[in-house]
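Asks: My structure file upload-v6.cif, mmCIF, C-alpha atoms, is below:
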```
data_coords
loop_
_atom_site.group_PDB
_atom_site.id
_atom_site.type_symbol
_atom_site.label_atom_id
_atom_site.label_comp_id
_atom_site.auth_asym_id
_atom_site.auth_seq_id
_atom_site.Cartn_x
_atom_site.Cartn_y
_atom_site.Cartn_z
ATOM 1 C CA VAL R 1 87.173 -11.783 36.502
ATOM 2 C CA ILE R 2 84.862 -11.702 33.514
ATOM 3 C CA ASP R 3 82.245 -8.944 33.688
ATOM 4 C CA THR R 4 79.600 -10.248 31.290
ATOM 5 C CA THR R 5 77.514 -7.067 31.301
ATOM 6 C CA ALA R 6 80.145 -4.334 31.461
ATOM 7 C CA GLY R 7 77.926 -1.358 30.684
ATOM 8 C CA LEU R 8 79.958 1.760 31.388
ATOM 9 C CA GLY R 9 82.590 -0.276 33.251
ATOM 10 C CA ARG R 10 82.023 0.963 36.790
ATOM 11 C CA ASP R 11 82.067 -2.453 38.515
ATOM 12 C CA GLY R 12 84.876 -3.790 36.331
ATOM 13 C CA PHE R 13 87.056 -0.741 36.931
ATOM 14 C CA LEU R 14 86.560 -1.064 40.698
ATOM 15 C CA LEU R 15 87.628 -4.710 40.484
ATOM 16 C CA ALA R 16 90.671 -3.784 38.371
ATOM 17 C CA GLY R 17 91.494 -1.078 40.898
ATOM 18 C CA SER R 18 91.603 -3.731 43.615
ATOM 19 C CA GLY R 19 94.165 -5.707 41.598
ATOM 20 C CA CYS R 20 92.006 -8.088 39.528
ATOM 21 C CA ARG R 21 92.547 -8.717 35.826
ATOM 22 C CA VAL R 22 89.132 -7.977 34.322
ATOM 23 C CA THR R 23 87.643 -8.873 30.962
ATOM 24 C CA LEU R 24 84.792 -6.492 30.206
ATOM 25 C CA ILE R 25 82.188 -7.796 27.771
ATOM 26 C CA GLU R 26 79.672 -5.384 26.285
ATOM 27 C CA ARG R 27 77.379 -6.325 23.413
ATOM 28 C CA HIS R 28 75.721 -3.015 22.648
ATOM 29 C CA PRO R 29 77.897 -1.098 20.136
ATOM 30 C CA VAL R 30 77.081 2.398 21.448
ATOM 31 C CA VAL R 31 77.751 1.448 25.072
ATOM 32 C CA ALA R 32 80.934 -0.397 24.046
ATOM 33 C CA ALA R 33 82.156 2.690 22.161
ATOM 34 C CA VAL R 34 81.594 4.908 25.212
ATOM 35 C CA LEU R 35 83.360 2.343 27.424
ATOM 36 C CA ARG R 36 86.279 2.020 24.983
ATOM 37 C CA ASP R 37 86.676 5.822 24.985
ATOM 38 C CA GLY R 38 86.649 5.880 28.796
ATOM 39 C CA LEU R 39 89.288 3.149 28.979
ATOM 40 C CA THR R 40 91.455 4.979 26.437
ATOM 41 C CA ARG R 41 91.254 8.135 28.534
ATOM 42 C CA ALA R 42 91.953 6.161 31.726
ATOM 43 C CA THR R 43 95.041 4.612 30.117
ATOM 44 C CA ALA R 44 96.344 8.082 29.217
ATOM 45 C CA ALA R 45 95.854 9.482 32.730
ATOM 46 C CA PRO R 46 98.741 8.761 35.119
ATOM 47 C CA SER R 47 96.397 8.220 38.080
ATOM 48 C CA THR R 48 94.379 5.465 36.358
ATOM 49 C CA ALA R 49 96.789 4.018 33.776
ATOM 50 C CA GLU R 50 97.838 1.035 35.898
ATOM 51 C CA THR R 51 94.234 0.108 36.680
ATOM 52 C CA SER R 52 93.072 0.408 33.081
ATOM 53 C CA GLN R 53 95.930 -1.815 31.916
ATOM 54 C CA ARG R 54 94.372 -4.648 33.938
ATOM 55 C CA THR R 55 91.237 -4.470 31.789
ATOM 56 C CA GLU R 56 90.384 -5.969 28.418
ATOM 57 C CA LEU R 57 87.253 -4.944 26.506
ATOM 58 C CA ILE R 58 85.472 -7.363 24.206
ATOM 59 C CA GLU R 59 82.573 -6.075 22.132
ATOM 60 C CA ASP R 60 80.465 -9.200 21.674
ATOM 61 C CA ASP R 61 77.654 -11.177 23.242
ATOM 62 C CA ALA R 62 78.756 -12.686 26.562
ATOM 63 C CA LEU R 63 77.042 -16.001 25.801
ATOM 64 C CA THR R 64 79.326 -16.386 22.768
ATOM 65 C CA VAL R 65 82.482 -15.282 24.588
ATOM 66 C CA LEU R 66 81.879 -17.500 27.646
ATOM 67 C CA ALA R 67 81.595 -20.556 25.390
ATOM 68 C CA SER R 68 85.365 -20.388 24.862
ATOM 69 C CA ARG R 69 86.677 -18.764 28.069
ATOM 70 C CA THR R 70 86.944 -19.473 31.757
ATOM 71 C CA ALA R 71 87.678 -17.248 34.735
ATOM 72 C CA ASP R 72 87.944 -17.559 38.490
ATOM 73 C CA VAL R 73 84.902 -15.301 38.878
ATOM 74 C CA VAL R 74 82.109 -14.360 36.475
ATOM 75 C CA LEU R 75 80.067 -11.227 37.233
ATOM 76 C CA VAL R 76 76.538 -10.880 35.855
ATOM 77 C CA ASP R 77 74.830 -7.506 36.307
ATOM 78 C CA PRO R 78 71.772 -7.535 34.040
ATOM 79 C CA MET R 79 69.549 -4.509 33.577
ATOM 80 C CA TYR R 80 67.364 -4.298 36.669
ATOM 81 C CA PRO R 81 63.689 -5.041 36.079
ATOM 82 C CA PRO R 82 61.416 -1.981 35.816
ATOM 83 C CA ARG R 83 60.477 -0.547 39.216
ATOM 84 C CA CYS R 84 56.952 -0.264 40.544
ATOM 85 C CA LYS R 85 57.860 2.548 42.963
ATOM 86 C CA SER R 86 56.635 6.083 42.453
ATOM 87 C CA ALA R 87 60.195 7.497 42.473
ATOM 88 C CA ALA R 88 61.917 7.389 39.102
ATOM 89 C CA VAL R 89 65.285 5.739 38.651
ATOM 90 C CA ARG R 90 68.359 7.912 38.026
ATOM 91 C CA LYS R 91 68.515 9.649 34.658
ATOM 92 C CA GLU R 92 71.572 7.658 33.554
ATOM 93 C CA MET R 93 69.683 4.385 34.088
ATOM 94 C CA GLN R 94 66.600 5.711 32.276
ATOM 95 C CA LEU R 95 68.841 6.547 29.323
ATOM 96 C CA ALA R 96 70.612 3.189 29.486
ATOM 97 C CA ARG R 97 67.306 1.292 29.425
ATOM 98 C CA ALA R 98 66.091 3.422 26.501
ATOM 99 C CA VAL R 99 69.262 2.661 24.504
ATOM 100 C CA VAL R 100 69.955 -0.944 25.530
ATOM 101 C CA GLY R 101 66.551 -2.316 26.510
ATOM 102 C CA ASP R 102 65.982 -5.188 28.905
ATOM 103 C CA ASP R 103 68.299 -8.167 29.408
ATOM 104 C CA GLU R 104 65.974 -11.002 28.435
ATOM 105 C CA ASP R 105 68.847 -13.513 28.548
ATOM 106 C CA ALA R 106 69.914 -12.966 32.181
ATOM 107 C CA ALA R 107 69.030 -16.551 33.207
ATOM 108 C CA ALA R 108 71.033 -17.910 30.256
ATOM 109 C CA LEU R 109 73.972 -15.717 31.327
ATOM 110 C CA LEU R 110 73.819 -17.253 34.793
ATOM 111 C CA ALA R 111 73.805 -20.797 33.381
ATOM 112 C CA THR R 112 76.652 -20.053 30.964
ATOM 113 C CA GLY R 113 78.567 -18.226 33.691
ATOM 114 C CA LEU R 114 78.279 -21.260 35.974
ATOM 115 C CA ALA R 115 79.862 -23.387 33.239
ATOM 116 C CA ALA R 116 82.684 -20.858 32.676
ATOM 117 C CA ALA R 117 83.493 -19.936 36.293
ATOM 118 C CA ARG R 118 86.173 -21.896 38.107
ATOM 119 C CA HIS R 119 85.187 -20.575 41.552
ATOM 120 C CA ARG R 120 82.262 -18.134 41.706
ATOM 121 C CA VAL R 121 79.475 -16.463 39.786
ATOM 122 C CA VAL R 122 78.222 -13.221 41.306
ATOM 123 C CA VAL R 123 74.893 -11.776 40.167
ATOM 124 C CA LYS R 124 74.027 -8.178 41.051
ATOM 125 C CA ARG R 125 70.285 -7.694 41.651
ATOM 126 C CA PRO R 126 67.973 -5.155 43.243
ATOM 127 C CA ARG R 127 67.811 -5.889 46.965
ATOM 128 C CA ARG R 128 64.189 -7.070 46.942
ATOM 129 C CA ALA R 129 64.178 -8.797 43.540
ATOM 130 C CA GLU R 130 63.852 -12.532 43.103
ATOM 131 C CA PRO R 131 67.057 -14.394 42.233
ATOM 132 C CA LEU R 132 67.507 -15.234 38.573
ATOM 133 C CA PRO R 133 65.841 -18.482 37.458
ATOM 134 C CA GLY R 134 68.146 -21.441 37.955
ATOM 135 C CA PRO R 135 69.937 -22.875 40.956
ATOM 136 C CA ALA R 136 69.632 -21.150 44.306
ATOM 137 C CA PRO R 137 72.537 -18.890 45.281
ATOM 138 C CA SER R 138 75.004 -20.258 47.831
ATOM 139 C CA THR R 139 74.807 -16.974 49.718
ATOM 140 C CA SER R 140 73.736 -13.380 49.239
ATOM 141 C CA VAL R 141 75.279 -10.123 50.368
ATOM 142 C CA GLU R 142 72.776 -7.287 50.780
ATOM 143 C CA GLY R 143 73.507 -3.608 50.495
ATOM 144 C CA ARG R 144 71.166 -0.665 50.855
ATOM 145 C CA SER R 145 69.677 -0.965 47.377
ATOM 146 C CA SER R 146 71.452 -3.913 45.743
ATOM 147 C CA ARG R 147 72.123 -7.537 46.537
ATOM 148 C CA PHE R 148 74.926 -9.782 45.313
ATOM 149 C CA ASP R 149 73.857 -13.404 44.858
ATOM 150 C CA VAL R 150 76.930 -15.629 45.030
ATOM 151 C CA TYR R 151 76.967 -19.044 43.364
ATOM 152 C CA SER R 152 79.944 -21.029 44.653
ATOM 153 C CA ARG R 153 81.509 -23.628 42.377
ATOM 154 C CA ARG R 154 84.551 -24.498 44.498
ATOM 155 C CA ALA R 155 86.640 -22.876 47.192
ATOM 156 C CA LEU R 156 88.941 -20.022 46.273
ATOM 157 C CA PRO R 157 92.662 -20.765 46.712
#
```
Go ahead and render the structure in this file as structure tokens.
Replies:
Amino acid sequence: VIDTTAGLGRDGFLLAGSGCRVTLIERHPVVAAVLRDGLTRATAAPSTAETSQRTELIEDDALTVLASRTADVVLVDPMYPPRCKSAAVRKEMQLARAVVGDDEDAAALLATGLAAARHRVVVKRPRRAEPLPGPAPSTSVEGRSSRFDVYSRRALP
């Protein structure tokens, strides 16, 4: 799995914990440094060492990295668009948006991910948000607050 928008590594670490080999790509240097520190600590802890060894962190722009790599699955989790609700988003997401900003290239990540994925591209979106511009998803899986749009390329083995 290639996680094109690793952030703090939560989704990628869950995937690694389920047995996947995960390449985490993070372009923002501050976020990548925090993620690298977390992975170093996870590698040193006996309870998470095996999981963290299934991860690789690349500090670069995912569009550049995907030009020369392929994976069975590509995960795209761009910064959610600003909310119009009266309730504020969690503090950690407010801080992340302040540091990182918006992901203006999310549609380009989808297109590049479709070229790099052998089997699937999965895009994490707010449950009520429009899909990213581009082809329609093959299917969607809705949770309470998020939705996973799945773009199938070919059947999994």
Asks: If we count all atoms listed in the file and set the cut-off at 12 Å, which residues sit around Ala49 (chain R), ignoring sequence neighbours fewer than 3 positions away in its own chain? Please answer as a list in words.
Replies: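 In the requested form, the answer reads Phe13, Ala16, Gly17, Gly38, Leu39, Thr40, Arg41, Ala42, Thr43, Ala44, Ala45, Pro46, Ser52, Gln53, Arg54 and Thr55 of chain R.
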Asks: R:Met79, R:Val123, R:Val73, R:Ala129: which is nearest Thr23 (chain R), counting all atoms listed in the file?
Replies: R:Val73
Asks: Env of region 145-148 of chain R: 9 Å cut, atoms = only C-alpha atoms, seq-sep filter 2 positions within chain, self excluded. Answer as a ChimeraX atom specification.
Replies: /R:122-129,139-143,150
Asks: Any idea what's packed within 9 Å of Ala62 (chain R), counting only C-alpha atoms, ignoring anything in its chain fewer than 5 positions away? Could you give it as a list in words?
Replies: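 Using only C-alpha atoms, the neighbours found are Asp3, Thr4, Thr5, Ile25, Glu26, Arg27, Ala67, Leu109 and Thr112 of chain R.
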Asks: To one decimal place in Å, what is the distance between CA of Gly19 (chain R) and CA of Val121 (chain R)?
Replies: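 We find that CA of Gly19 (chain R) and CA of Val121 (chain R) lie 18.3 Å from each other.
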Asks: Please measure the separation of CA of Asp37 (chain R) and CA of Ala107 (chain R), giving the value in Å to one decimal.
Replies: 29.7 Å
Asks: Using Å and a single decimal, report how far CA of Val30 (chain R) sits from CA of Ala116 (chain R).
Replies: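 Calculated distance between CA of Ala116 (chain R) and CA of Val30 (chain R) is 26.4 Å.
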Asks: Evaluate the PyMOL selection byres ((chain R and resi 135) around 12) on the structure here and hand back the selected residues as a count of residues only.
Replies: 19
Asks: Excluding Ala71 (chain R) and any residue of its chain fewer than 3 positions from it, enumerate the residues within 7 Å of it, using all atoms listed in the file, and give them as a ChimeraX atom specification.
Replies: /R:1-2,74,116-118
Asks: Identify which of the residues R:Leu14, R:Cys20, R:Ala115, R:Leu156 lies closest to Arg69 (chain R), counting only C-alpha atoms when measuring atom-to-atom distances.
Replies: R:Ala115
Asks: Check the smallest atom-to-atom distance from each of R:Val31, R:Leu57, R:Leu66, R:Ala6 to Pro78 (chain R) using only C-alpha atoms, then report the winner.
Replies: R:Ala6
Asks: Name the closest residue to His28 (chain R) among the candidates R:Ala155, R:Ala106, R:Leu75, R:Gly7; distances are taken between atoms, counting only C-alpha atoms.
Replies: R:Gly7
Asks: Where atoms are missing, can you supply N, CA, C and O atoms for region 121-144 of chain R and output the lot as a PDB file, keeping the file's coordinate frame?
Replies:
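Dumped to result-v8.pdb:
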```pdb
ATOM      1  N   VAL R 121      80.257 -17.363  40.625  1.00  0.00           N
ATOM      2  CA  VAL R 121      79.475 -16.463  39.786  1.00  0.00           C
ATOM      3  C   VAL R 121      78.785 -15.512  40.755  1.00  0.00           C
ATOM      4  O   VAL R 121      78.210 -15.946  41.754  1.00  0.00           O
ATOM      5  N   VAL R 122      78.863 -14.230  40.471  1.00  0.00           N
ATOM      6  CA  VAL R 122      78.222 -13.221  41.306  1.00  0.00           C
ATOM      7  C   VAL R 122      77.217 -12.490  40.432  1.00  0.00           C
ATOM      8  O   VAL R 122      77.571 -11.988  39.360  1.00  0.00           O
ATOM      9  N   VAL R 123      75.962 -12.444  40.903  1.00  0.00           N
ATOM     10  CA  VAL R 123      74.893 -11.776  40.167  1.00  0.00           C
ATOM     11  C   VAL R 123      74.426 -10.583  40.986  1.00  0.00           C
ATOM     12  O   VAL R 123      74.027 -10.740  42.140  1.00  0.00           O
ATOM     13  N   LYS R 124      74.482  -9.403  40.380  1.00  0.00           N
ATOM     14  CA  LYS R 124      74.027  -8.178  41.051  1.00  0.00           C
ATOM     15  C   LYS R 124      72.547  -7.976  40.735  1.00  0.00           C
ATOM     16  O   LYS R 124      72.147  -7.987  39.572  1.00  0.00           O
ATOM     17  N   ARG R 125      71.743  -7.827  41.781  1.00  0.00           N
ATOM     18  CA  ARG R 125      70.285  -7.694  41.651  1.00  0.00           C
ATOM     19  C   ARG R 125      69.781  -6.567  42.543  1.00  0.00           C
ATOM     20  O   ARG R 125      70.444  -6.199  43.513  1.00  0.00           O
ATOM     21  N   PRO R 126      68.585  -6.060  42.271  1.00  0.00           N
ATOM     22  CA  PRO R 126      67.973  -5.155  43.243  1.00  0.00           C
ATOM     23  C   PRO R 126      67.757  -5.920  44.553  1.00  0.00           C
ATOM     24  O   PRO R 126      67.512  -7.134  44.540  1.00  0.00           O
ATOM     25  N   ARG R 127      67.851  -5.234  45.652  1.00  0.00           N
ATOM     26  CA  ARG R 127      67.811  -5.889  46.965  1.00  0.00           C
ATOM     27  C   ARG R 127      66.576  -6.756  47.156  1.00  0.00           C
ATOM     28  O   ARG R 127      66.664  -7.850  47.709  1.00  0.00           O
ATOM     29  N   ARG R 128      65.435  -6.319  46.704  1.00  0.00           N
ATOM     30  CA  ARG R 128      64.189  -7.070  46.942  1.00  0.00           C
ATOM     31  C   ARG R 128      63.759  -7.941  45.761  1.00  0.00           C
ATOM     32  O   ARG R 128      62.697  -8.552  45.810  1.00  0.00           O
ATOM     33  N   ALA R 129      64.539  -8.004  44.718  1.00  0.00           N
ATOM     34  CA  ALA R 129      64.178  -8.797  43.540  1.00  0.00           C
ATOM     35  C   ALA R 129      64.379 -10.285  43.798  1.00  0.00           C
ATOM     36  O   ALA R 129      65.189 -10.691  44.643  1.00  0.00           O
ATOM     37  N   GLU R 130      63.658 -11.084  43.061  1.00  0.00           N
ATOM     38  CA  GLU R 130      63.852 -12.532  43.103  1.00  0.00           C
ATOM     39  C   GLU R 130      65.208 -12.866  42.480  1.00  0.00           C
ATOM     40  O   GLU R 130      65.661 -12.160  41.573  1.00  0.00           O
ATOM     41  N   PRO R 131      65.838 -13.950  42.927  1.00  0.00           N
ATOM     42  CA  PRO R 131      67.057 -14.394  42.233  1.00  0.00           C
ATOM     43  C   PRO R 131      66.725 -14.770  40.790  1.00  0.00           C
ATOM     44  O   PRO R 131      65.563 -15.044  40.469  1.00  0.00           O
ATOM     45  N   LEU R 132      67.730 -14.809  39.950  1.00  0.00           N
ATOM     46  CA  LEU R 132      67.507 -15.234  38.573  1.00  0.00           C
ATOM     47  C   LEU R 132      67.040 -16.682  38.554  1.00  0.00           C
ATOM     48  O   LEU R 132      67.415 -17.472  39.438  1.00  0.00           O
ATOM     49  N   PRO R 133      66.248 -17.069  37.563  1.00  0.00           N
ATOM     50  CA  PRO R 133      65.841 -18.482  37.458  1.00  0.00           C
ATOM     51  C   PRO R 133      67.071 -19.373  37.312  1.00  0.00           C
ATOM     52  O   PRO R 133      68.021 -19.027  36.620  1.00  0.00           O
ATOM     53  N   GLY R 134      67.025 -20.507  37.978  1.00  0.00           N
ATOM     54  CA  GLY R 134      68.146 -21.441  37.955  1.00  0.00           C
ATOM     55  C   GLY R 134      68.408 -21.929  39.356  1.00  0.00           C
ATOM     56  O   GLY R 134      67.527 -21.867  40.227  1.00  0.00           O
ATOM     57  N   PRO R 135      69.621 -22.388  39.615  1.00  0.00           N
ATOM     58  CA  PRO R 135      69.937 -22.875  40.956  1.00  0.00           C
ATOM     59  C   PRO R 135      69.880 -21.752  41.986  1.00  0.00           C
ATOM     60  O   PRO R 135      70.019 -20.577  41.651  1.00  0.00           O
ATOM     61  N   ALA R 136      69.662 -22.136  43.221  1.00  0.00           N
ATOM     62  CA  ALA R 136      69.632 -21.150  44.306  1.00  0.00           C
ATOM     63  C   ALA R 136      71.052 -20.664  44.587  1.00  0.00           C
ATOM     64  O   ALA R 136      72.013 -21.432  44.498  1.00  0.00           O
ATOM     65  N   PRO R 137      71.199 -19.389  44.936  1.00  0.00           N
ATOM     66  CA  PRO R 137      72.537 -18.890  45.281  1.00  0.00           C
ATOM     67  C   PRO R 137      73.051 -19.560  46.551  1.00  0.00           C
ATOM     68  O   PRO R 137      72.279 -19.932  47.432  1.00  0.00           O
ATOM     69  N   SER R 138      74.366 -19.703  46.638  1.00  0.00           N
ATOM     70  CA  SER R 138      75.004 -20.258  47.831  1.00  0.00           C
ATOM     71  C   SER R 138      74.860 -19.302  49.005  1.00  0.00           C
ATOM     72  O   SER R 138      74.669 -19.716  50.144  1.00  0.00           O
ATOM     73  N   THR R 139      74.968 -18.012  48.702  1.00  0.00           N
ATOM     74  CA  THR R 139      74.807 -16.974  49.718  1.00  0.00           C
ATOM     75  C   THR R 139      74.470 -15.671  49.017  1.00  0.00           C
ATOM     76  O   THR R 139      74.614 -15.560  47.797  1.00  0.00           O
ATOM     77  N   SER R 140      74.027 -14.703  49.770  1.00  0.00           N
ATOM     78  CA  SER R 140      73.736 -13.380  49.239  1.00  0.00           C
ATOM     79  C   SER R 140      74.304 -12.330  50.177  1.00  0.00           C
ATOM     80  O   SER R 140      74.313 -12.518  51.397  1.00  0.00           O
ATOM     81  N   VAL R 141      74.767 -11.246  49.603  1.00  0.00           N
ATOM     82  CA  VAL R 141      75.279 -10.123  50.368  1.00  0.00           C
ATOM     83  C   VAL R 141      74.409  -8.925  50.015  1.00  0.00           C
ATOM     84  O   VAL R 141      74.359  -8.519  48.854  1.00  0.00           O
ATOM     85  N   GLU R 142      73.704  -8.392  51.018  1.00  0.00           N
ATOM     86  CA  GLU R 142      72.776  -7.287  50.780  1.00  0.00           C
ATOM     87  C   GLU R 142      73.395  -5.957  51.126  1.00  0.00           C
ATOM     88  O   GLU R 142      74.038  -5.801  52.153  1.00  0.00           O
ATOM     89  N   GLY R 143      73.155  -4.996  50.236  1.00  0.00           N
ATOM     90  CA  GLY R 143      73.507  -3.608  50.495  1.00  0.00           C
ATOM     91  C   GLY R 143      72.234  -2.822  50.712  1.00  0.00           C
ATOM     92  O   GLY R 143      71.160  -3.395  50.893  1.00  0.00           O
ATOM     93  N   ARG R 144      72.337  -1.500  50.654  1.00  0.00           N
ATOM     94  CA  ARG R 144      71.166  -0.665  50.855  1.00  0.00           C
ATOM     95  C   ARG R 144      70.142  -0.818  49.734  1.00  0.00           C
ATOM     96  O   ARG R 144      68.945  -0.888  49.980  1.00  0.00           O
TER      97      ARG R 144
END
```
